[in-house]
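A short worksheet on the structure shown next.
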Amino acid sequence: MAVYTQVSDEALETFLDGYDIGRPRSFKGIAEGVENSNYYLETGKGRFILTLFERRADPKDLPYFVALKQHLADRDFPCPAPVPARSGEALQTLEGRPALVVTFLDGLSPRRPNAAQCRSMGAALARMHAALSDFDQVRDNALGPASWPLLWEGRAATAEELQPGLAALIEDDLAATVSARPQSPHLPRGTIHADLFPDNAFFLEEDFSGAIDFYFACTDVLAYDIAVCLNSWAFEDGREYNYSKGAAMLAGYESVRPLEPAEREALPILCRGAALRFFLTRLVDWTETPADALVRPKNPLEYADRLAFHRQASSATDYGA
């Protein structure tokens, strides 16, 4: 369960005294998520999510995340809106951790997204990019290409243990993505989510109803966000690319914001880079997560399989564009 910090009844009561959202009726930990502690909170005035930011969260980044979500909420993009305390500040402290209360979103995260949901997600991603086009705060992508060689350093042997011959392939992927400069400044840039997996999106049947977990959001290439989504939404069982789902997602995106020719040309290397990023961070978690940890690390080989597809892709048409 992704609850690292336990909240006592007394601490919760004292914390809520600082808000005008009523007394707690229900309070329970949420199993999803791997970075922070999340709780479902129901009070006499509604339903909320309470997040406690754990040690991996950089405190100096937290005002950026709060401002970003408030910006989206002000533009009617469905996402959790920060709830300010009586003091007017959204960020507070609970059990020695920075804490944030946000509004609750209705919907379910799809376990196996269908093509209609992929199209709806693509359109929503483009709407989010448009809503953030005038967001003036900047945050570097801490997990961009410059970080990938550092994440890989010293882990070749682990990759070989997972799959013989994999280390050499990853070395090639690193060389190819770094030389291609997938985050090149000639591509349109803006604020991106950078982690919009199916478990970070909500739907009411086939209609997108909201996005959550903006804690990897940053300033980067817009099409990189598309590449992250193609990797996480359009592969079946982690291995085979579903052309129909990919085409639906790209069509949905372009129904709101058509891709520029340079973005189409860069799509294969962006998808390869996104797959490499998630392979590497999963490999780090695979090697560094203690055996008795509450959160079980995800298998890096899912993204090794996706990298195999991206190595063969030569143009955006291979993804359905």
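FYI, nothing fancy with the structure tokens labels: chains A, B, ... in order, residues from 1 per chain, ligands from 1 as they appear.
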Shell around Gln6 (chain A) at 10 Å using only C-alpha atoms, local window under 5 positions removed, as a PyMOL selection string: chain A and resi 11+29+37+39+52+95
Taking C-alpha atoms for each residue, export the selection above as an mmCIF file, in the first residue's frame.
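Listed below is the output, part30.cif:
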```cif
data_model
loop_
_atom_site.group_PDB
_atom_site.id
_atom_site.type_symbol
_atom_site.label_atom_id
_atom_site.label_comp_id
_atom_site.auth_asym_id
_atom_site.auth_seq_id
_atom_site.Cartn_x
_atom_site.Cartn_y
_atom_site.Cartn_z
ATOM 1 C CA ALA A 11 -3.252 14.768 14.147
ATOM 2 C CA GLY A 29 -5.235 5.172 2.722
ATOM 3 C CA SER A 37 1.204 9.012 0.900
ATOM 4 C CA TYR A 39 -5.598 9.363 1.713
ATOM 5 C CA LEU A 52 1.602 13.890 2.293
ATOM 6 C CA GLU A 95 2.867 14.462 10.715
#
```
Residue neighbourhood Thr14 (chain A), 12 Å, only C-alpha atoms, exclusion window fewer than 4 positions, as number ranges by chain: A: 7-10, 18-19, 23-24, 92-95
Near region 150-154 of chain A, counting only C-alpha atoms, which residues have an atom at most 12 Å away, once you skip same-chain residues fewer than 4 positions from it, shown as a PDB file with C-alpha atoms, in the first residue's frame?
```
ATOM      1  CA  ALA A 142      14.766  16.177 -13.759  1.00  0.00           C
ATOM      2  CA  LEU A 143      14.286  12.883 -15.619  1.00  0.00           C
ATOM      3  CA  GLY A 144      15.106  14.190 -19.090  1.00  0.00           C
ATOM      4  CA  PRO A 145      17.886  12.890 -21.388  1.00  0.00           C
ATOM      5  CA  ALA A 146      20.679  14.413 -19.311  1.00  0.00           C
ATOM      6  CA  THR A 158      21.478  -6.053 -13.470  1.00  0.00           C
ATOM      7  CA  ALA A 159      20.105  -5.607 -16.995  1.00  0.00           C
ATOM      8  CA  GLU A 160      22.087  -8.659 -18.141  1.00  0.00           C
ATOM      9  CA  ALA A 167      22.898  -4.184 -21.641  1.00  0.00           C
ATOM     10  CA  ALA A 168      24.325  -3.700 -25.138  1.00  0.00           C
ATOM     11  CA  ILE A 170      20.407  -0.167 -23.757  1.00  0.00           C
ATOM     12  CA  GLU A 171      23.837   1.269 -24.532  1.00  0.00           C
ATOM     13  CA  ASP A 173      19.451   3.286 -27.042  1.00  0.00           C
ATOM     14  CA  LEU A 174      21.349   5.785 -24.913  1.00  0.00           C
ATOM     15  CA  LEU A 276      14.157   4.378 -22.106  1.00  0.00           C
ATOM     16  CA  ARG A 277      13.328   6.825 -19.298  1.00  0.00           C
ATOM     17  CA  PHE A 278      10.764   4.446 -17.774  1.00  0.00           C
ATOM     18  CA  PHE A 279      12.987   1.411 -18.266  1.00  0.00           C
ATOM     19  CA  LEU A 280      15.806   3.154 -16.412  1.00  0.00           C
ATOM     20  CA  THR A 281      13.734   4.443 -13.496  1.00  0.00           C
ATOM     21  CA  ARG A 282      12.151   1.016 -13.116  1.00  0.00           C
ATOM     22  CA  LEU A 283      15.611  -0.553 -13.189  1.00  0.00           C
ATOM     23  CA  VAL A 284      16.712   1.795 -10.410  1.00  0.00           C
ATOM     24  CA  ASP A 285      13.663   0.870  -8.324  1.00  0.00           C
ATOM     25  CA  THR A 287      17.749  -2.650  -7.650  1.00  0.00           C
ATOM     26  CA  GLU A 288      17.205  -0.209  -4.795  1.00  0.00           C
TER      27      GLU A 288
END
```
Selection near region 231-238 of chain A, 8 Å with only C-alpha atoms, sequence-local residues under 6 positions removed, as a PyMOL selection string: chain A and resi 113+118+196-198+245-246+271+274-275+302-303+305-306
Could the residues in this selection be saved with C-alpha atoms as an mmCIF file, in the first residue's frame?
```cif
data_model
loop_
_atom_site.group_PDB
_atom_site.id
_atom_site.type_symbol
_atom_site.label_atom_id
_atom_site.label_comp_id
_atom_site.auth_asym_id
_atom_site.auth_seq_id
_atom_site.Cartn_x
_atom_site.Cartn_y
_atom_site.Cartn_z
ATOM 1 C CA PRO A 113 -7.920 1.188 -22.177
ATOM 2 C CA CYS A 118 -7.354 6.438 -26.101
ATOM 3 C CA LEU A 196 0.058 10.463 -17.726
ATOM 4 C CA PHE A 197 -0.325 6.685 -17.436
ATOM 5 C CA PRO A 198 -3.809 5.107 -17.351
ATOM 6 C CA LYS A 245 -5.114 2.504 -30.013
ATOM 7 C CA GLY A 246 -2.095 4.548 -31.037
ATOM 8 C CA CYS A 271 8.865 7.378 -28.071
ATOM 9 C CA ALA A 274 10.261 7.922 -23.211
ATOM 10 C CA ALA A 275 10.499 4.116 -23.094
ATOM 11 C CA GLU A 302 7.998 -4.313 -19.925
ATOM 12 C CA TYR A 303 9.835 -1.280 -21.217
ATOM 13 C CA ASP A 305 10.019 -4.957 -24.873
ATOM 14 C CA ARG A 306 8.645 -1.562 -25.895
#
```
Nearest candidate to Leu105 (chain A) (options A:Lys298, A:Arg47, A:Arg181, A:Arg257; using only C-alpha atoms):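 Going through A:Lys298, A:Arg47, A:Arg181, A:Arg257 one by one, the smallest distance to Leu105 (chain A) is for A:Arg47.
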Every residue of region 75-289 of chain A that DSSP places in alpha helix (DSSP H), as an NGL selection string: :A and (115-131 or 148-152 or 156-162 or 166-180 or 222-233 or 243-254 or 261-288)
Export C-alpha atoms of the chosen residues as an mmCIF file, in the first residue's frame?
```cif
data_model
loop_
_atom_site.group_PDB
_atom_site.id
_atom_site.type_symbol
_atom_site.label_atom_id
_atom_site.label_comp_id
_atom_site.auth_asym_id
_atom_site.auth_seq_id
_atom_site.Cartn_x
_atom_site.Cartn_y
_atom_site.Cartn_z
ATOM 1 C CA ALA A 115 -9.488 2.747 -28.577
ATOM 2 C CA ALA A 116 -12.315 5.155 -27.698
ATOM 3 C CA GLN A 117 -10.697 5.940 -24.357
ATOM 4 C CA CYS A 118 -7.354 6.438 -26.101
ATOM 5 C CA ARG A 119 -8.927 8.954 -28.467
ATOM 6 C CA SER A 120 -10.571 10.763 -25.559
ATOM 7 C CA MET A 121 -7.233 10.778 -23.708
ATOM 8 C CA GLY A 122 -5.425 12.211 -26.737
ATOM 9 C CA ALA A 123 -7.915 15.065 -27.034
ATOM 10 C CA ALA A 124 -7.680 15.729 -23.295
ATOM 11 C CA LEU A 125 -3.880 15.842 -23.473
ATOM 12 C CA ALA A 126 -4.055 18.484 -26.193
ATOM 13 C CA ARG A 127 -6.607 20.477 -24.181
ATOM 14 C CA MET A 128 -4.291 20.318 -21.185
ATOM 15 C CA HIS A 129 -1.371 21.610 -23.274
ATOM 16 C CA ALA A 130 -3.578 24.465 -24.512
ATOM 17 C CA ALA A 131 -4.740 25.308 -20.988
ATOM 18 C CA TRP A 148 19.561 8.877 -18.382
ATOM 19 C CA PRO A 149 23.307 8.058 -18.451
ATOM 20 C CA LEU A 150 23.441 8.708 -14.699
ATOM 21 C CA LEU A 151 20.494 6.387 -14.071
ATOM 22 C CA TRP A 152 22.174 3.694 -16.192
ATOM 23 C CA ALA A 156 24.529 -3.003 -16.823
ATOM 24 C CA ALA A 157 25.026 -6.217 -14.844
ATOM 25 C CA THR A 158 21.478 -6.053 -13.470
ATOM 26 C CA ALA A 159 20.105 -5.607 -16.995
ATOM 27 C CA GLU A 160 22.087 -8.659 -18.141
ATOM 28 C CA GLU A 161 20.654 -10.695 -15.271
ATOM 29 C CA LEU A 162 17.145 -9.724 -16.341
ATOM 30 C CA LEU A 166 20.023 -6.365 -22.885
ATOM 31 C CA ALA A 167 22.898 -4.184 -21.641
ATOM 32 C CA ALA A 168 24.325 -3.700 -25.138
ATOM 33 C CA LEU A 169 20.882 -2.781 -26.467
ATOM 34 C CA ILE A 170 20.407 -0.167 -23.757
ATOM 35 C CA GLU A 171 23.837 1.269 -24.532
ATOM 36 C CA ASP A 172 22.701 1.658 -28.155
ATOM 37 C CA ASP A 173 19.451 3.286 -27.042
ATOM 38 C CA LEU A 174 21.349 5.785 -24.913
ATOM 39 C CA ALA A 175 23.706 6.665 -27.761
ATOM 40 C CA ALA A 176 20.852 7.020 -30.263
ATOM 41 C CA THR A 177 18.640 9.194 -28.091
ATOM 42 C CA VAL A 178 21.433 11.453 -26.861
ATOM 43 C CA SER A 179 22.791 12.020 -30.370
ATOM 44 C CA ALA A 180 19.300 12.718 -31.736
ATOM 45 C CA LEU A 222 4.962 18.874 -25.935
ATOM 46 C CA ALA A 223 5.308 15.841 -28.204
ATOM 47 C CA TYR A 224 7.293 14.066 -25.474
ATOM 48 C CA ASP A 225 4.041 13.986 -23.470
ATOM 49 C CA ILE A 226 2.416 12.234 -26.432
ATOM 50 C CA ALA A 227 5.304 9.758 -26.528
ATOM 51 C CA VAL A 228 4.836 8.956 -22.833
ATOM 52 C CA CYS A 229 1.130 8.309 -23.452
ATOM 53 C CA LEU A 230 1.727 6.121 -26.517
ATOM 54 C CA ASN A 231 4.106 4.009 -24.431
ATOM 55 C CA SER A 232 1.695 3.657 -21.539
ATOM 56 C CA TRP A 233 -1.669 3.402 -23.356
ATOM 57 C CA TYR A 243 -1.842 0.341 -33.881
ATOM 58 C CA SER A 244 -5.564 1.088 -33.507
ATOM 59 C CA LYS A 245 -5.114 2.504 -30.013
ATOM 60 C CA GLY A 246 -2.095 4.548 -31.037
ATOM 61 C CA ALA A 247 -3.881 5.924 -34.081
ATOM 62 C CA ALA A 248 -6.927 6.789 -31.966
ATOM 63 C CA MET A 249 -4.819 8.658 -29.418
ATOM 64 C CA LEU A 250 -2.982 10.642 -32.097
ATOM 65 C CA ALA A 251 -6.233 11.434 -33.917
ATOM 66 C CA GLY A 252 -7.759 12.646 -30.663
ATOM 67 C CA TYR A 253 -4.785 14.885 -29.967
ATOM 68 C CA GLU A 254 -4.754 16.330 -33.479
ATOM 69 C CA PRO A 261 5.942 18.375 -39.311
ATOM 70 C CA ALA A 262 8.987 18.480 -37.021
ATOM 71 C CA GLU A 263 6.988 16.818 -34.245
ATOM 72 C CA ARG A 264 5.903 14.017 -36.566
ATOM 73 C CA GLU A 265 9.480 13.479 -37.660
ATOM 74 C CA ALA A 266 10.675 13.341 -34.049
ATOM 75 C CA LEU A 267 7.950 10.992 -32.803
ATOM 76 C CA PRO A 268 9.925 7.698 -33.126
ATOM 77 C CA ILE A 269 12.946 8.994 -31.211
ATOM 78 C CA LEU A 270 10.703 10.669 -28.624
ATOM 79 C CA CYS A 271 8.865 7.378 -28.071
ATOM 80 C CA ARG A 272 12.174 5.544 -27.799
ATOM 81 C CA GLY A 273 13.440 8.117 -25.315
ATOM 82 C CA ALA A 274 10.261 7.922 -23.211
ATOM 83 C CA ALA A 275 10.499 4.116 -23.094
ATOM 84 C CA LEU A 276 14.157 4.378 -22.106
ATOM 85 C CA ARG A 277 13.328 6.825 -19.298
ATOM 86 C CA PHE A 278 10.764 4.446 -17.774
ATOM 87 C CA PHE A 279 12.987 1.411 -18.266
ATOM 88 C CA LEU A 280 15.806 3.154 -16.412
ATOM 89 C CA THR A 281 13.734 4.443 -13.496
ATOM 90 C CA ARG A 282 12.151 1.016 -13.116
ATOM 91 C CA LEU A 283 15.611 -0.553 -13.189
ATOM 92 C CA VAL A 284 16.712 1.795 -10.410
ATOM 93 C CA ASP A 285 13.663 0.870 -8.324
ATOM 94 C CA TRP A 286 14.253 -2.818 -9.100
ATOM 95 C CA THR A 287 17.749 -2.650 -7.650
ATOM 96 C CA GLU A 288 17.205 -0.209 -4.795
#
```
Point-to-point distance from CA of Pro164 (chain A) to CA of Asp195 (chain A), Å rounded to tenths: 28.8 Å
Atom pair CA of Phe48 (chain A) / CA of Lys28 (chain A): separation (Å):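 Calculated distance between CA of Phe48 (chain A) and CA of Lys28 (chain A) is 11.2 Å.
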Coordinates-based distance that separates CA of Glu42 (chain A) from CA of Phe104 (chain A) (Å, one decimal):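 Between CA of Phe104 (chain A) and CA of Glu42 (chain A) the gap works out to 9.4 Å.
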